[in-house]
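To keep things clear, I will list the structure first and then write my remarks on it.
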Amino acid sequence: MTGSLLVSVATLEYFSASMNQNSPAINHETRPWLVMKFGGSSVASPEGWGHLAAHAKTAAESGYNVAVVVSALRGVTDLLQDFSQKCQPESLDATFREIAERHRELVTGLELPSDCLDGELDQLRQHLRACASAPGDAATAASLLGMGEILSSKLGNRFLQTRGLSSDWLDARDVLVAVPDSRRSIRSSFLSAECPVTPDPVLAGRLEQVARIHIAPGFIARNRAGETVVLGRGGSDTTAACLGAILGAERVEIWSDVPGLFTADPRRIPGARLLRLISYREAQELAAMGARALHPRALIPLRRHEIPLWLRQTDRPDLEGTKITPEARDHGAQVKAIVQRRGITLVAMEGLDMWQQVGFLADIFEVFKSHGLSVDLVSTSESNVTVTLDPDSTQADASVLDALAADLRKLCRVEILTECATVSLVGLGIRTILHRLGPALEVFEQRRIFLVSQAANDLNLTFVVESRHAERLVQQLHQQLIPGGVGGDMVFGPSWEQMFHDREKRPVGPAWWRTRREAVLAAMEGRQSGFVYNLDTVRQAAESLTALPSVDRVLYSMKANPHPAILKTVTGSGLGVECVSLAEAERALEVCPGLKPGDLLFTPNFAPREEYLEALKQGIPLTLDNPYILDHWGRELAGREVFLRLDPGSGLGHHKMVRTAGTNSKFGIPLGELQRVVRLCRAHDIRITGLHAHTGSGILHPDNWHRSLETLGEAARDLSDVRVINLGGGLGVPDRTNELPLDLAALDLGLRQLKESLVRPIEVWLEPGRFLVSEAGVLAARVTQTKGKGEIRYVGLATGMNSLIRPALYGAWHEIVNLSRIDEPGRHVWNVVGPICETGDILGLDRLLPECREGDIILIANAGAYGATMASNYNLREPAAEVILPE
């Protein structure tokens, strides 16, 4: 076998120890059952399947009957969900191709016969066609959505058998049967089904005679008519729990890419602490309020049948994880976690005539019931009722919400908000500690709160806020309410950063500032702060894009960093320049030898008329993103060539404020107005030679640009003069060591395949900014002071949000190290702050650093983009100077 299938020594040693020492004696006449569920990230690679096989084998050899439940490969259900909602026949082939290629790559990596999934892939194509021909049909959608798990489990069974294991495929639809419920809509009964379960020792005995290991698809079940239904998003956890109850399992284990439940999302807050031992009640509340490591439905059958649940990390079984058991004692009133849940829909209903109206609440809830919508949070007053919809059990697309609003307006005034999030404090006895929470709740000052809910079970206090504020609020609340320190107790274990800070997850070499540490320190001689740039990193990033065969031209979005040396470097690497102001265009032409006006692309937004006319006068290619320009200035653009910036309808990115498409973004011409714009261009003899779209920033999945090319390619079909499609930028840069970089090979492959389907030869352009310069720059600043306030430690720097505003503005996360003591281990958790007179002057929360002393150089990584260019003299403090390292 290839090296990719090898399992770590830690995995094997751990399982030998845990099965032989910690497990009860096995009665070999009636072997106990162990249910093991593996999530999408665990089954997405050959390495993950190697770990799964080792876990299952060790458990079987230790005397267990093993039921393995698997999710679809990471991202596959999202693709199927997107197709089932839009049902666009033109995207059928692309969706099938992406899913099929991912599974075939995995087949190759696992050294299985190349045709081993051909039958299942044929089924996938049939279900895609059925869904495209029956848009909105819930039964067809359910059959399609379940194919991800069928593919992964069939593949897994064949792999386990090739490893010599006694394995058999178990169709979950033969075991889990959904029952009809008159309270639920037909759509919900197919897409969010519920399956009551009872122990079935006869089934357990029958399965034991077939094989020692049974691998089953999660997420799917059947109804009494034999039709496929799905259990809602996250339903594979529920499958495992239901199987555990049916088989009378000794325990259920959920294996994923995290070791358990934490006091916050550890991917966003590295200071989040592991929850070692918690009760069913608290675990279910955490899961229901947004903790991603567990689905709330999974705990219902486990709690009812008192089956322990262990949460573990697939590739690190040596980590202790979280145990949810009947024996877990409550540890007094305290906040155990701060969680957020996005995608919340809020419905506010108002009317004076509802006051003292008997049965009004019954009437409005009957409307929600009739549309198959589950209400989550409720707040009432004399003239207002505000609710949120449960995103886990509700399939509420725009058409459903429109129909809901129409029916509710017969009873009251209605406002529906979809860009909301909940921020919840979860723990036992919240009511009894409200007085202790008071100071922490000051973080909500100047934040719009739509609803506050204190749970009837006294396990959570929840705030509904704008999505864009949620992450920062969680950071601030966690810092104030969760005990810090490096030690642990019965409830709180080590922090995520303490568990993983020595482990390099991303398969890349050391950052340039580690290898050039002495040069950075030398550049800081005599300085309090400075942006330090390494130009070779810019060149490498530029070369990685110019080497892509599918990309005909790359432009540098110079707003990311207009430093003259960087401009010269990118243009010297063969890139053009994209400008958003006339001043940027003039700067580029001034500092870059040989750069001509035709090498630029001017993409203004709500700029004065004079800038557009001057750009045309200078011969700079121009992009239009507003029909107003043609309506009012069309005669002045007569006879010219232009690009049109289109809004594809939705935006992506790490924060609402960096998404540059969709109705909540000011950029782009809506696709629905394209024909009118085309008529205006023809009326003024304006030729449309290029189409442009830019959906956001910080995107790490290549599918974004594939979809943009599909959309723009279709738009170009009837525009014979279009010779360029500009896919914009937004190419993401990993900020954390556990994030994988953008897969440029996958991006290139998809673009090449899509270019072949274009109506005629058309050039494809990219215009990245942050991708080219972010990693090339760091912000270095000296420690001025340190402070301790209770358990909170602060390290103050000579500069702050006046130099780097991204953390305050976007909640952006940057790696922070003490460069002066780079080889010393982290000893304390610090909040890294600046000298600006603002509470929000925070560069990083809960960072594990060595002891920091006055004069130490603190380095903030990935600061080469949107750092100095967005800096200010706030408080009349000079921002950090810019320094180019000698080459």
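Following the order of the structure tokens, first chain is A, next is B, and so on, with residues numbered from 1 inside each chain and ligands from 1 in the order they appear.
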Item to check | Shell around region 186-188 of chain A at 10 Å using only C-alpha atoms, local window under 6 positions removed, as an MDAnalysis selection string | outcome: chainID A and resid 136:139 141:142 180 194 229:232 371:374 393:395
Checklist entry - Quick one: DSSP helix (DSSP H, G or I) residues in region 413-626 of chain A, as a PyMOL selection string? => result chain A and resi 430-444+467-481+496-500+512-515+517-523+535-546+558-560+564-572+582-591+597-599+609-618
Could the residues in this selection be saved with C-alpha atoms as an mmCIF file, in the first residue's frame?
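Result went into again06.cif, see below:
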```
data_model
loop_
_atom_site.group_PDB
_atom_site.id
_atom_site.type_symbol
_atom_site.label_atom_id
_atom_site.label_comp_id
_atom_site.auth_asym_id
_atom_site.auth_seq_id
_atom_site.Cartn_x
_atom_site.Cartn_y
_atom_site.Cartn_z
ATOM 1 C CA ILE A 430 -28.099 31.144 34.026
ATOM 2 C CA ARG A 431 -30.854 32.909 35.986
ATOM 3 C CA THR A 432 -28.947 32.622 39.233
ATOM 4 C CA ILE A 433 -25.835 34.358 37.898
ATOM 5 C CA LEU A 434 -27.358 37.244 35.939
ATOM 6 C CA HIS A 435 -25.814 39.692 38.400
ATOM 7 C CA ARG A 436 -22.365 38.309 37.561
ATOM 8 C CA LEU A 437 -23.016 38.603 33.835
ATOM 9 C CA GLY A 438 -23.885 42.295 33.966
ATOM 10 C CA PRO A 439 -20.428 43.780 33.319
ATOM 11 C CA ALA A 440 -19.790 41.365 30.440
ATOM 12 C CA LEU A 441 -23.008 42.384 28.690
ATOM 13 C CA GLU A 442 -21.590 45.858 28.101
ATOM 14 C CA VAL A 443 -20.147 44.431 24.882
ATOM 15 C CA PHE A 444 -23.617 44.822 23.362
ATOM 16 C CA SER A 467 -24.631 38.527 11.554
ATOM 17 C CA ARG A 468 -21.715 40.851 10.952
ATOM 18 C CA HIS A 469 -21.343 41.535 14.690
ATOM 19 C CA ALA A 470 -21.690 37.972 15.962
ATOM 20 C CA GLU A 471 -18.094 36.779 15.813
ATOM 21 C CA ARG A 472 -16.662 39.837 17.556
ATOM 22 C CA LEU A 473 -19.317 39.608 20.291
ATOM 23 C CA VAL A 474 -18.453 35.954 20.903
ATOM 24 C CA GLN A 475 -14.759 36.843 21.191
ATOM 25 C CA GLN A 476 -15.436 39.581 23.719
ATOM 26 C CA LEU A 477 -17.894 37.565 25.803
ATOM 27 C CA HIS A 478 -15.626 34.528 25.865
ATOM 28 C CA GLN A 479 -12.723 36.603 27.066
ATOM 29 C CA GLN A 480 -14.777 37.967 29.973
ATOM 30 C CA LEU A 481 -16.831 34.945 31.032
ATOM 31 C CA TRP A 496 -7.260 24.747 21.580
ATOM 32 C CA GLU A 497 -4.058 26.724 21.195
ATOM 33 C CA GLN A 498 -2.408 24.884 24.074
ATOM 34 C CA MET A 499 -3.381 21.557 22.504
ATOM 35 C CA PHE A 500 -2.240 22.340 18.989
ATOM 36 C CA TRP A 512 9.419 33.853 5.330
ATOM 37 C CA TRP A 513 9.556 35.967 8.502
ATOM 38 C CA ARG A 514 10.740 32.937 10.441
ATOM 39 C CA THR A 515 13.613 32.243 8.066
ATOM 40 C CA ARG A 517 13.852 36.748 11.472
ATOM 41 C CA GLU A 518 17.155 38.516 11.919
ATOM 42 C CA ALA A 519 16.456 40.761 8.917
ATOM 43 C CA VAL A 520 13.095 41.778 10.375
ATOM 44 C CA LEU A 521 14.647 42.515 13.752
ATOM 45 C CA ALA A 522 17.367 44.555 12.047
ATOM 46 C CA ALA A 523 14.740 46.537 10.139
ATOM 47 C CA LEU A 535 9.219 41.236 -2.203
ATOM 48 C CA ASP A 536 10.233 37.699 -3.120
ATOM 49 C CA THR A 537 7.001 36.455 -1.530
ATOM 50 C CA VAL A 538 5.072 38.788 -3.858
ATOM 51 C CA ARG A 539 6.899 37.356 -6.882
ATOM 52 C CA GLN A 540 6.164 33.785 -5.838
ATOM 53 C CA ALA A 541 2.473 34.536 -5.455
ATOM 54 C CA ALA A 542 2.388 36.266 -8.849
ATOM 55 C CA GLU A 543 4.176 33.372 -10.541
ATOM 56 C CA SER A 544 1.731 30.856 -9.052
ATOM 57 C CA LEU A 545 -1.092 32.605 -10.929
ATOM 58 C CA THR A 546 0.657 33.455 -14.196
ATOM 59 C CA MET A 558 -3.651 47.736 -6.188
ATOM 60 C CA LYS A 559 -6.011 48.970 -3.469
ATOM 61 C CA ALA A 560 -4.635 46.082 -1.390
ATOM 62 C CA PRO A 564 5.723 51.729 -5.229
ATOM 63 C CA ALA A 565 8.083 48.792 -4.658
ATOM 64 C CA ILE A 566 5.184 46.350 -4.642
ATOM 65 C CA LEU A 567 3.696 47.893 -7.789
ATOM 66 C CA LYS A 568 7.039 47.558 -9.555
ATOM 67 C CA THR A 569 7.362 43.958 -8.390
ATOM 68 C CA VAL A 570 3.964 42.823 -9.629
ATOM 69 C CA THR A 571 4.239 44.614 -12.977
ATOM 70 C CA GLY A 572 7.763 43.259 -13.328
ATOM 71 C CA LEU A 582 -8.110 57.828 -10.976
ATOM 72 C CA ALA A 583 -5.462 58.591 -8.363
ATOM 73 C CA GLU A 584 -4.543 54.893 -8.228
ATOM 74 C CA ALA A 585 -4.219 54.790 -12.008
ATOM 75 C CA GLU A 586 -1.961 57.847 -11.979
ATOM 76 C CA ARG A 587 0.186 56.334 -9.198
ATOM 77 C CA ALA A 588 0.653 53.085 -11.152
ATOM 78 C CA LEU A 589 1.618 54.870 -14.371
ATOM 79 C CA GLU A 590 4.001 57.141 -12.477
ATOM 80 C CA VAL A 591 6.005 54.508 -10.573
ATOM 81 C CA PRO A 597 -2.692 53.023 -19.902
ATOM 82 C CA GLY A 598 -3.920 49.959 -21.800
ATOM 83 C CA ASP A 599 -2.280 47.744 -19.151
ATOM 84 C CA ARG A 609 -18.454 61.682 -13.801
ATOM 85 C CA GLU A 610 -15.127 63.444 -14.377
ATOM 86 C CA GLU A 611 -13.108 60.366 -13.372
ATOM 87 C CA TYR A 612 -14.814 58.202 -15.996
ATOM 88 C CA LEU A 613 -14.274 60.762 -18.739
ATOM 89 C CA GLU A 614 -10.654 61.389 -17.806
ATOM 90 C CA ALA A 615 -9.914 57.652 -17.794
ATOM 91 C CA LEU A 616 -11.353 57.337 -21.304
ATOM 92 C CA LYS A 617 -9.368 60.367 -22.396
ATOM 93 C CA GLN A 618 -6.157 58.726 -21.191
#
```
Item to check | Expected answer as an MDAnalysis selection string: strand (DSSP E or B) residues in region 610-826 of chain A | outcome: chainID A and resid 622:624 641:647 652:653 669:670 687:692 696:697 699 724:726 731 763:766 777:789 792:797 816:818
Item to check | Separation of CA of Ala272 (chain A) from CA of Phe531 (chain A) in Å | outcome: 29.6 Å
Item to check | Å distance separating CA of Gly826 (chain A) from CA of Ala264 (chain A), one decimal place | outcome: 20.6 Å
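Nearest to Gln785 (chain A) of all the residues A:Val832, A:Leu740, A:Cys592, A:Ile884 is A:Val832, counting only C-alpha atoms.
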Checklist entry - Excluding same-chain residues fewer than 6 positions from Glu815 (chain A), what lies within 10 Å of it counting only C-alpha atoms, as an MDAnalysis selection string? => result chainID A and resid 735:737 778 843:844 847 859:863
Save the residues we just selected, N, CA, C and O atoms, as a JSON list (two decimals), in the first residue's frame?
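Final output, out23.json:
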```
[["chain", "number", "residue", "atom", "x", "y", "z"],
["A", 735, "ASP", "N", -5.22, 32.24, 7.06],
["A", 735, "ASP", "CA", -4.72, 33.03, 8.18],
["A", 735, "ASP", "C", -4.31, 32.16, 9.35],
["A", 735, "ASP", "O", -3.51, 32.57, 10.18],
["A", 736, "ARG", "N", -4.85, 30.96, 9.42],
["A", 736, "ARG", "CA", -4.58, 30.07, 10.54],
["A", 736, "ARG", "C", -3.87, 28.81, 10.04],
["A", 736, "ARG", "O", -4.07, 28.39, 8.90],
["A", 737, "THR", "N", -3.10, 28.20, 10.90],
["A", 737, "THR", "CA", -2.32, 27.03, 10.48],
["A", 737, "THR", "C", -3.20, 25.83, 10.19],
["A", 737, "THR", "O", -2.75, 24.89, 9.54],
["A", 778, "VAL", "N", 4.33, 41.98, 7.12],
["A", 778, "VAL", "CA", 4.03, 41.80, 8.54],
["A", 778, "VAL", "C", 4.02, 43.17, 9.20],
["A", 778, "VAL", "O", 4.66, 44.11, 8.73],
["A", 843, "LEU", "N", -5.83, 43.97, 18.64],
["A", 843, "LEU", "CA", -5.21, 43.30, 17.50],
["A", 843, "LEU", "C", -5.36, 41.79, 17.57],
["A", 843, "LEU", "O", -5.31, 41.11, 16.55],
["A", 844, "GLY", "N", -5.55, 41.26, 18.77],
["A", 844, "GLY", "CA", -5.74, 39.82, 18.92],
["A", 844, "GLY", "C", -6.16, 39.48, 20.33],
["A", 844, "GLY", "O", -5.60, 40.01, 21.29],
["A", 847, "ARG", "N", -4.25, 35.14, 22.97],
["A", 847, "ARG", "CA", -3.11, 34.59, 22.24],
["A", 847, "ARG", "C", -2.09, 34.01, 23.22],
["A", 847, "ARG", "O", -1.69, 34.67, 24.18],
["A", 859, "LEU", "N", 5.20, 40.43, 16.34],
["A", 859, "LEU", "CA", 4.97, 40.38, 14.90],
["A", 859, "LEU", "C", 3.54, 39.92, 14.63],
["A", 859, "LEU", "O", 3.07, 38.92, 15.20],
["A", 860, "ILE", "N", 2.85, 40.65, 13.76],
["A", 860, "ILE", "CA", 1.49, 40.31, 13.33],
["A", 860, "ILE", "C", 1.58, 39.93, 11.86],
["A", 860, "ILE", "O", 1.93, 40.75, 11.01],
["A", 861, "ALA", "N", 1.26, 38.69, 11.56],
["A", 861, "ALA", "CA", 1.48, 38.14, 10.22],
["A", 861, "ALA", "C", 0.34, 38.51, 9.27],
["A", 861, "ALA", "O", -0.71, 39.02, 9.66],
["A", 862, "ASN", "N", 0.58, 38.24, 7.98],
["A", 862, "ASN", "CA", -0.42, 38.47, 6.92],
["A", 862, "ASN", "C", -0.97, 39.89, 6.96],
["A", 862, "ASN", "O", -2.17, 40.11, 6.85],
["A", 863, "ALA", "N", -0.07, 40.85, 7.08],
["A", 863, "ALA", "CA", -0.47, 42.26, 7.18],
["A", 863, "ALA", "C", -0.07, 43.05, 5.94],
["A", 863, "ALA", "O", -0.11, 44.29, 5.96]]
```
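For the pair CA of Asp718 (chain A) and CA of Arg682 (chain A), the separation is 13.1 Å.
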Item to check | Nearby residues (only C-alpha atoms) at most 10 Å from Ile364 (chain A), same-chain spacing under 2 positions excluded, as a ChimeraX atom specification | outcome: /A:349,359-362,366-370,385,407-408,410-412
Residues from the last selection, C-alpha atoms, saved as a tab-separated table (two decimals), in the first residue's frame:
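Below is the file part-v2.tsv, written as the result:
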```tsv
chain	number	residue	atom	x	y	z
A	349	MET	CA	-45.09	40.94	13.63
A	359	GLY	CA	-56.19	33.47	20.27
A	360	PHE	CA	-53.92	35.83	18.32
A	361	LEU	CA	-50.79	33.77	19.04
A	362	ALA	CA	-52.65	30.61	18.06
A	366	GLU	CA	-51.11	28.20	12.71
A	367	VAL	CA	-49.73	30.18	9.75
A	368	PHE	CA	-46.19	29.02	10.52
A	369	LYS	CA	-47.44	25.45	10.82
A	370	SER	CA	-49.23	25.63	7.49
A	385	VAL	CA	-44.48	39.28	18.52
A	407	ASP	CA	-50.41	35.09	4.92
A	408	LEU	CA	-49.19	36.87	8.06
A	410	LYS	CA	-53.69	39.27	6.80
A	411	LEU	CA	-53.26	39.43	10.59
A	412	CYS	CA	-50.60	42.09	11.23
```
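Comparing the minimum interatomic distances between Cys852 (chain A) and each of A:Tyr866, A:Trp355, A:Trp830, A:Tyr64, counting only C-alpha atoms, we find that A:Trp830 sits nearest.
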Checklist entry - Neighbours of region 307-311 of chain A within 10 Å (only C-alpha atoms; same-chain residues fewer than 2 positions away dropped), as a PyMOL selection string? => result chain A and resi 35-37+241+244-245+248-256+258-261+276-277+280+293-294+298-299+301-305+313-314+320-328
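The shortest atom-to-atom distance to Ala193 (chain A), with only C-alpha atoms taken into account, belongs to A:Leu176 out of A:Leu751, A:Leu819, A:Leu176, A:Leu849.
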Next on the checklist: Excluding region 118-134 of chain A and its own-chain neighbours fewer than 6 positions away, which residues fall within 12 Å of it when counting only C-alpha atoms? Please give them as a ChimeraX atom specification.
Outcome noted: /A:76,79-104,107,140-155,228
Please identify all polymer residues within 9 Å of Thr462 (chain A), counting only C-alpha atoms, omitting same-chain residues fewer than 5 positions from it, and present them as a compact mmCIF listing (two decimals) with all heavy atoms, in the first residue's frame.
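The new file selection_10.txt reads:
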```
# COMPACT_ATOMS: atom_id res chain seq x y z
N MET A 289 -27.72 25.37 20.09
CA MET A 289 -27.43 26.79 19.96
C MET A 289 -26.26 27.07 19.00
O MET A 289 -25.88 28.23 18.86
CB MET A 289 -27.14 27.41 21.33
CG MET A 289 -28.29 27.27 22.33
SD MET A 289 -29.92 27.67 21.67
CE MET A 289 -29.72 29.39 21.28
N LEU A 377 -37.07 30.80 18.73
CA LEU A 377 -37.16 31.75 19.83
C LEU A 377 -38.41 32.61 19.68
O LEU A 377 -38.83 32.91 18.56
CB LEU A 377 -35.92 32.66 19.86
CG LEU A 377 -34.56 31.96 19.93
CD1 LEU A 377 -33.43 32.98 19.86
CD2 LEU A 377 -34.45 31.13 21.20
N THR A 422 -27.57 34.32 16.17
CA THR A 422 -27.76 34.27 17.62
C THR A 422 -26.40 34.15 18.30
O THR A 422 -25.50 33.48 17.81
CB THR A 422 -28.63 33.07 18.04
OG1 THR A 422 -28.02 31.85 17.58
CG2 THR A 422 -30.02 33.18 17.47
N VAL A 423 -26.28 34.83 19.43
CA VAL A 423 -25.12 34.70 20.31
C VAL A 423 -25.67 34.22 21.64
O VAL A 423 -26.50 34.90 22.26
CB VAL A 423 -24.38 36.04 20.47
CG1 VAL A 423 -23.28 35.90 21.52
CG2 VAL A 423 -23.81 36.49 19.14
N SER A 424 -25.23 33.06 22.10
CA SER A 424 -25.82 32.42 23.27
C SER A 424 -24.78 32.13 24.35
O SER A 424 -23.68 31.64 24.05
CB SER A 424 -26.51 31.10 22.88
OG SER A 424 -27.52 31.31 21.92
N LEU A 425 -25.15 32.44 25.57
CA LEU A 425 -24.37 32.01 26.74
C LEU A 425 -25.03 30.73 27.23
O LEU A 425 -26.21 30.73 27.58
CB LEU A 425 -24.41 33.07 27.84
CG LEU A 425 -24.21 34.54 27.44
CD1 LEU A 425 -24.21 35.43 28.67
CD2 LEU A 425 -22.96 34.72 26.63
N VAL A 426 -24.28 29.64 27.27
CA VAL A 426 -24.85 28.33 27.59
C VAL A 426 -24.23 27.81 28.88
O VAL A 426 -23.01 27.84 29.05
CB VAL A 426 -24.62 27.33 26.44
CG1 VAL A 426 -25.21 25.97 26.80
CG2 VAL A 426 -25.24 27.84 25.15
N LEU A 451 -33.70 40.65 19.56
CA LEU A 451 -34.48 39.81 20.46
C LEU A 451 -33.56 39.28 21.54
O LEU A 451 -32.38 38.98 21.28
CB LEU A 451 -35.12 38.66 19.67
CG LEU A 451 -36.05 37.66 20.37
CD1 LEU A 451 -37.04 37.08 19.35
CD2 LEU A 451 -35.25 36.50 20.98
N VAL A 452 -34.08 39.19 22.77
CA VAL A 452 -33.37 38.55 23.88
C VAL A 452 -34.25 37.44 24.42
O VAL A 452 -35.46 37.65 24.63
CB VAL A 452 -33.03 39.55 25.00
CG1 VAL A 452 -32.29 38.84 26.14
CG2 VAL A 452 -32.20 40.70 24.48
N SER A 453 -33.67 36.26 24.64
CA SER A 453 -34.45 35.12 25.11
C SER A 453 -33.68 34.42 26.23
O SER A 453 -32.51 34.07 26.08
CB SER A 453 -34.70 34.14 23.96
OG SER A 453 -35.29 32.94 24.43
N GLN A 454 -34.37 34.25 27.36
CA GLN A 454 -33.82 33.45 28.45
C GLN A 454 -34.56 32.13 28.48
O GLN A 454 -35.77 32.08 28.65
CB GLN A 454 -33.98 34.19 29.78
CG GLN A 454 -32.99 33.75 30.85
CD GLN A 454 -33.40 32.48 31.55
OE1 GLN A 454 -34.55 32.36 31.98
NE2 GLN A 454 -32.50 31.53 31.64
N ALA A 455 -33.84 31.03 28.27
CA ALA A 455 -34.47 29.73 28.06
C ALA A 455 -35.27 29.28 29.27
O ALA A 455 -34.85 29.48 30.43
CB ALA A 455 -33.41 28.69 27.72
```
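The smallest atom-to-atom distance between Arg222 (chain A) and any of A:Arg316, A:Arg448, A:Arg206, A:Arg173, using only C-alpha atoms, is found for A:Arg173.
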